[in-house]
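Chemist: Take a look at this one; I'll ask things after.
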Amino acid sequence: MFRFAHPELLYLLTVILLLIIFYIVMVNKKKKAIAEFGNPELLKLLMPLVSFKRDAWKFVMVLIALLFVIIGVAGPQFGSKLQQVKKQGVELMVVLDVSNSMLAQDIKPCRLEKAKMAISRMVEKLSDDKVGMIVFAGDAYVQLPITTDYSSAKLFLSNINTDIVPVQGTAIGAAIDLAAMSFTPESETSKAIIVITDGENHQDDAVAAARLAHEKGITIHTIGMGLEQGAPIPEKGHPGQFMKDDRGNVVVSKLDEQRLQEIAKAGEGMYVRASNTNVGLSRLLDEVGKMEKTMLEEKVYTDYAEKYQYFILVGLFFIFVEFMVLSRKNKHLIKINIFKKRQ
């Protein structure tokens, strides 16, 4: 098992991209400056010790060194001891709508991003419970199998977007069915599903799916993402433009609150409507906390070996090599040509 002790520091990798852009800009400026003096090929003869290739290689070595140092300070760790751990908790499946309508911005910054931020905060509050994630649009997929690895949960959550499911639509029933099958098999633990969607279901009978899941002992909660007045759906790749129907009218996505209330009622759960200030996951988490907790068993890595020193050493090695490589050619070495034919 591999993880980072400080994964937030990996955002520093963006510095490498910025340095590459800066280097390209400076190289182009340098070439233009040289071209102003005359023919670059002729100028090379007047500057025999200047080496543009060496500058490029030195820059590449700096980037490699920076890459390894950033990975090192992020604290790479490898699991070294696997143990069977027993905890008391419940199993929770988060079912998240990733259809295009979740891009509507009646809830800021948009319905999907607001939901992701709330789920992230919810995961941070979990302790001994298992959590899993299902994403759905026209189809449903398991994004994260049921687990107590909350770091992985947040990592998988960060990668969720509306392109993750290729088929558009809103098949809430299929998502509930998949979630019901994704809990730990033959486990007597309390189970709950939290469906986060705008409720615009066009494909299946979500109420029947919730009722069937509840017959298996699963509680279904729903969160309505959206406001009553609704909002247009932004057109991907076209800022300021919105999706239109066949008649050319802008499509306005509205919250189907009644359907979500019916789903929650069929699953003996709670319905919460999100707002710009509160998504409602905290309230549902309080309800989940009231459920009967049972003993959960899972094999987890309890000890992690620090490996940051290897990455730091590699980074320092490339810094040393970069320091040893001169920017200019050696005036003595360039006179040596081992392939020159002897007279």
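In the structure tokens, each chain is lettered A, B, ... as it comes, each chain's residues begin at 1, and ligands are numbered from 1 in order of appearance.
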With a distance cut-off of 12 Å and only C-alpha atoms, select the neighbouring residues of Glu124 (chain A), excluding the residue or stretch itself and same-chain residues fewer than 6 positions from it, and output the selection as a compact mmCIF listing (two decimals) with N, CA and C atoms, in the first residue's frame.
Modeler:
```
# COMPACT_ATOMS: atom_id res chain seq x y z
N MET A 117 -17.54 19.08 -2.50
CA MET A 117 -16.95 19.72 -1.32
C MET A 117 -17.62 19.22 -0.04
N ALA A 118 -18.94 19.04 -0.10
CA ALA A 118 -19.67 18.55 1.08
C ALA A 118 -19.30 17.10 1.40
N VAL A 131 -17.05 3.58 3.83
CA VAL A 131 -17.68 4.45 2.85
C VAL A 131 -17.32 3.99 1.44
N THR A 148 -12.51 1.71 4.46
CA THR A 148 -12.25 2.66 5.55
C THR A 148 -11.04 3.53 5.23
N ASP A 149 -10.56 3.42 4.00
CA ASP A 149 -9.41 4.22 3.57
C ASP A 149 -9.93 5.58 3.12
N TYR A 150 -10.03 6.51 4.04
CA TYR A 150 -10.61 7.82 3.75
C TYR A 150 -9.73 8.66 2.84
N SER A 151 -8.42 8.44 2.89
CA SER A 151 -7.52 9.17 1.99
C SER A 151 -7.81 8.81 0.53
N SER A 152 -8.04 7.52 0.29
CA SER A 152 -8.39 7.08 -1.07
C SER A 152 -9.74 7.64 -1.48
N ALA A 153 -10.66 7.71 -0.53
CA ALA A 153 -11.99 8.24 -0.82
C ALA A 153 -11.90 9.68 -1.33
N LYS A 154 -11.07 10.50 -0.67
CA LYS A 154 -10.93 11.89 -1.08
C LYS A 154 -10.19 12.00 -2.41
N SER A 282 -24.34 16.99 6.74
CA SER A 282 -24.11 16.92 8.19
C SER A 282 -25.36 16.38 8.89
N LEU A 285 -25.56 12.76 8.17
CA LEU A 285 -24.52 12.03 8.91
C LEU A 285 -24.94 11.84 10.36
```
Chemist: Skipping near chain neighbours, those fewer than 2 positions away, what residues fall within 7 Å of region 3-16 of chain A using only C-alpha atoms, listed as number ranges by chain?
Modeler: A: 1, 18-20, 63, 67, 70-71, 74-78
Chemist: Can you tell me which residues surround region 92-97 of chain A at a distance of at most 6 Å, considering only C-alpha atoms, apart from same-chain residues fewer than 6 positions away, and format the answer as JSON, numbers by chain?
Modeler: {"A": [131, 132, 133, 134, 135, 136, 191, 192, 193, 194, 195, 196, 197]}
Chemist: With region 207-217 of chain A as the partner and 12 Å as the cut-off, tabulate the residues of region 90-188 of chain A that qualify, each row holding the nearest pair of atoms and their distance in Å to one decimal, using only C-alpha atoms, sorted by chain and rising number, as JSON lines.
Modeler:
```
{"residue": "A:Glu91", "atom": "CA", "partner": "A:Gly217", "partner_atom": "CA", "distance": 11.8}
{"residue": "A:Ala171", "atom": "CA", "partner": "A:Ala209", "partner_atom": "CA", "distance": 10.8}
{"residue": "A:Ile172", "atom": "CA", "partner": "A:Ala209", "partner_atom": "CA", "distance": 8.5}
{"residue": "A:Gly173", "atom": "CA", "partner": "A:Ala209", "partner_atom": "CA", "distance": 5.2}
{"residue": "A:Ala174", "atom": "CA", "partner": "A:Ala209", "partner_atom": "CA", "distance": 7.6}
{"residue": "A:Ala175", "atom": "CA", "partner": "A:Ala209", "partner_atom": "CA", "distance": 8.9}
{"residue": "A:Ile176", "atom": "CA", "partner": "A:Ala209", "partner_atom": "CA", "distance": 6.3}
{"residue": "A:Asp177", "atom": "CA", "partner": "A:Ala209", "partner_atom": "CA", "distance": 6.2}
{"residue": "A:Leu178", "atom": "CA", "partner": "A:Ala209", "partner_atom": "CA", "distance": 9.9}
{"residue": "A:Ala179", "atom": "CA", "partner": "A:Ala213", "partner_atom": "CA", "distance": 9.0}
{"residue": "A:Ala180", "atom": "CA", "partner": "A:Ala213", "partner_atom": "CA", "distance": 6.1}
{"residue": "A:Met181", "atom": "CA", "partner": "A:Ala213", "partner_atom": "CA", "distance": 9.1}
{"residue": "A:Ser182", "atom": "CA", "partner": "A:Ala213", "partner_atom": "CA", "distance": 11.6}
{"residue": "A:Phe183", "atom": "CA", "partner": "A:Lys216", "partner_atom": "CA", "distance": 11.2}
{"residue": "A:Pro185", "atom": "CA", "partner": "A:Lys216", "partner_atom": "CA", "distance": 12.0}
{"residue": "A:Glu186", "atom": "CA", "partner": "A:Lys216", "partner_atom": "CA", "distance": 11.2}
{"residue": "A:Ser187", "atom": "CA", "partner": "A:Gly217", "partner_atom": "CA", "distance": 11.0}
{"residue": "A:Glu188", "atom": "CA", "partner": "A:Gly217", "partner_atom": "CA", "distance": 9.3}
```
Chemist: Using only C-alpha atoms, which protein or nucleic acid residues come within 9 Å of region 314-325 of chain A? Drop anything in the same chain fewer than 2 positions from it, and give the result as a list of chain:residue names.
Modeler: A:Arg54, A:Trp57, A:Lys58, A:Phe59, A:Val60, A:Met61, A:Val62, A:Ile64, A:Ala65, A:Leu66, A:Leu67, A:Phe68, A:Val69, A:Ile70, A:Gly72, A:Gln309, A:Tyr310, A:Phe311, A:Ile312, A:Ser327, A:Arg328
Chemist: Could you tell me how far CA of Ala264 (chain A) sits from CA of Leu227 (chain A), in Å to one decimal place?
Modeler: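 Computed distance, CA of Leu227 (chain A) to CA of Ala264 (chain A), equals 18.4 Å.
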Chemist: Tell me, as a ChimeraX atom specification, which residues lie within 12 Å of region 234-247 of chain A, counting only C-alpha atoms; anything in the same chain fewer than 3 positions away does not count.
Modeler: /A:100-106,110-111,161-163,231,250-253
Chemist: How about saving the chosen residues, all heavy atoms kept, as a compact mmCIF listing (two decimals), in the first residue's frame?
Modeler:
```txt
# COMPACT_ATOMS: atom_id res chain seq x y z
N ASN A 100 -24.97 16.12 -16.91
CA ASN A 100 -24.67 17.50 -17.28
C ASN A 100 -25.49 18.52 -16.50
O ASN A 100 -25.04 19.65 -16.29
CB ASN A 100 -24.89 17.69 -18.79
CG ASN A 100 -23.81 17.05 -19.63
OD1 ASN A 100 -22.68 16.90 -19.18
ND2 ASN A 100 -24.15 16.65 -20.85
N SER A 101 -26.69 18.13 -16.08
CA SER A 101 -27.54 19.07 -15.34
C SER A 101 -26.91 19.47 -14.01
O SER A 101 -27.25 20.51 -13.44
CB SER A 101 -28.93 18.46 -15.10
OG SER A 101 -28.83 17.27 -14.33
N MET A 102 -25.96 18.66 -13.51
CA MET A 102 -25.29 18.98 -12.25
C MET A 102 -24.27 20.12 -12.42
O MET A 102 -23.67 20.56 -11.45
CB MET A 102 -24.60 17.74 -11.69
CG MET A 102 -25.58 16.68 -11.18
SD MET A 102 -26.44 17.19 -9.68
CE MET A 102 -25.14 16.99 -8.46
N LEU A 103 -24.09 20.58 -13.66
CA LEU A 103 -23.22 21.74 -13.90
C LEU A 103 -23.97 23.06 -13.72
O LEU A 103 -23.35 24.13 -13.75
CB LEU A 103 -22.63 21.67 -15.32
CG LEU A 103 -21.69 20.49 -15.61
CD1 LEU A 103 -21.28 20.50 -17.08
CD2 LEU A 103 -20.46 20.54 -14.72
N ALA A 104 -25.28 22.99 -13.57
CA ALA A 104 -26.08 24.20 -13.38
C ALA A 104 -25.58 24.96 -12.15
O ALA A 104 -25.18 24.36 -11.14
CB ALA A 104 -27.55 23.84 -13.23
N GLN A 105 -25.62 26.27 -12.23
CA GLN A 105 -24.99 27.11 -11.22
C GLN A 105 -25.97 27.85 -10.32
O GLN A 105 -25.66 28.90 -9.78
CB GLN A 105 -24.04 28.10 -11.90
CG GLN A 105 -22.92 27.40 -12.65
CD GLN A 105 -22.07 28.36 -13.46
OE1 GLN A 105 -22.35 29.55 -13.55
NE2 GLN A 105 -21.01 27.83 -14.08
N ASP A 106 -27.17 27.28 -10.13
CA ASP A 106 -28.07 27.90 -9.15
C ASP A 106 -27.53 27.69 -7.74
O ASP A 106 -27.81 28.46 -6.82
CB ASP A 106 -29.49 27.34 -9.27
CG ASP A 106 -29.54 25.82 -9.37
OD1 ASP A 106 -28.48 25.18 -9.48
OD2 ASP A 106 -30.65 25.27 -9.34
N CYS A 110 -21.14 25.26 -8.65
CA CYS A 110 -22.13 24.53 -9.45
C CYS A 110 -22.60 23.37 -8.58
O CYS A 110 -22.02 23.07 -7.54
CB CYS A 110 -21.57 24.06 -10.79
SG CYS A 110 -20.43 22.65 -10.70
N ARG A 111 -23.67 22.73 -8.98
CA ARG A 111 -24.26 21.67 -8.15
C ARG A 111 -23.25 20.56 -7.85
O ARG A 111 -23.13 20.12 -6.70
CB ARG A 111 -25.48 21.07 -8.87
CG ARG A 111 -26.61 22.04 -9.09
CD ARG A 111 -27.71 21.43 -9.97
NE ARG A 111 -28.80 22.38 -10.22
CZ ARG A 111 -29.83 22.12 -11.02
NH1 ARG A 111 -29.89 20.95 -11.66
NH2 ARG A 111 -30.77 23.03 -11.18
N ASN A 161 -15.98 13.99 -12.39
CA ASN A 161 -16.51 15.09 -13.21
C ASN A 161 -17.61 14.54 -14.10
O ASN A 161 -17.91 13.34 -14.07
CB ASN A 161 -15.40 15.74 -14.05
CG ASN A 161 -14.66 14.73 -14.91
OD1 ASN A 161 -15.25 14.07 -15.76
ND2 ASN A 161 -13.36 14.57 -14.69
N THR A 162 -18.22 15.38 -14.92
CA THR A 162 -19.35 14.94 -15.74
C THR A 162 -18.94 14.08 -16.93
O THR A 162 -19.80 13.53 -17.61
CB THR A 162 -20.14 16.16 -16.26
OG1 THR A 162 -19.25 17.03 -16.96
CG2 THR A 162 -20.79 16.91 -15.10
N ASP A 163 -17.64 13.97 -17.18
CA ASP A 163 -17.17 13.13 -18.30
C ASP A 163 -16.82 11.72 -17.84
O ASP A 163 -16.45 10.88 -18.67
CB ASP A 163 -15.93 13.77 -18.94
CG ASP A 163 -16.24 15.11 -19.58
OD1 ASP A 163 -17.34 15.24 -20.15
OD2 ASP A 163 -15.39 16.02 -19.50
N ALA A 231 -31.83 26.54 -13.18
CA ALA A 231 -30.78 27.31 -13.84
C ALA A 231 -30.43 26.65 -15.16
O ALA A 231 -30.62 25.43 -15.33
CB ALA A 231 -29.54 27.39 -12.95
N VAL A 250 -33.20 27.69 -24.53
CA VAL A 250 -32.24 27.34 -23.48
C VAL A 250 -32.89 26.37 -22.50
O VAL A 250 -34.01 26.59 -22.02
CB VAL A 250 -31.76 28.60 -22.73
CG1 VAL A 250 -30.89 28.22 -21.54
CG2 VAL A 250 -30.99 29.52 -23.68
N VAL A 251 -32.20 25.27 -22.20
CA VAL A 251 -32.71 24.25 -21.28
C VAL A 251 -32.48 24.71 -19.85
O VAL A 251 -31.34 25.02 -19.47
CB VAL A 251 -32.03 22.89 -21.52
CG1 VAL A 251 -32.52 21.85 -20.50
CG2 VAL A 251 -32.29 22.40 -22.93
N VAL A 252 -33.54 24.75 -19.06
CA VAL A 252 -33.43 25.12 -17.65
C VAL A 252 -33.63 23.87 -16.80
O VAL A 252 -34.67 23.21 -16.88
CB VAL A 252 -34.46 26.20 -17.26
CG1 VAL A 252 -34.38 26.49 -15.76
CG2 VAL A 252 -34.24 27.46 -18.07
N SER A 253 -32.62 23.53 -16.02
CA SER A 253 -32.69 22.34 -15.16
C SER A 253 -33.25 22.73 -13.80
O SER A 253 -32.73 23.61 -13.13
CB SER A 253 -31.29 21.74 -14.99
OG SER A 253 -31.31 20.69 -14.04
```
Chemist: What is the distance, in Å and to one decimal place, between CA of Lys130 (chain A) and CA of Lys116 (chain A)?
Modeler: 17.9 Å
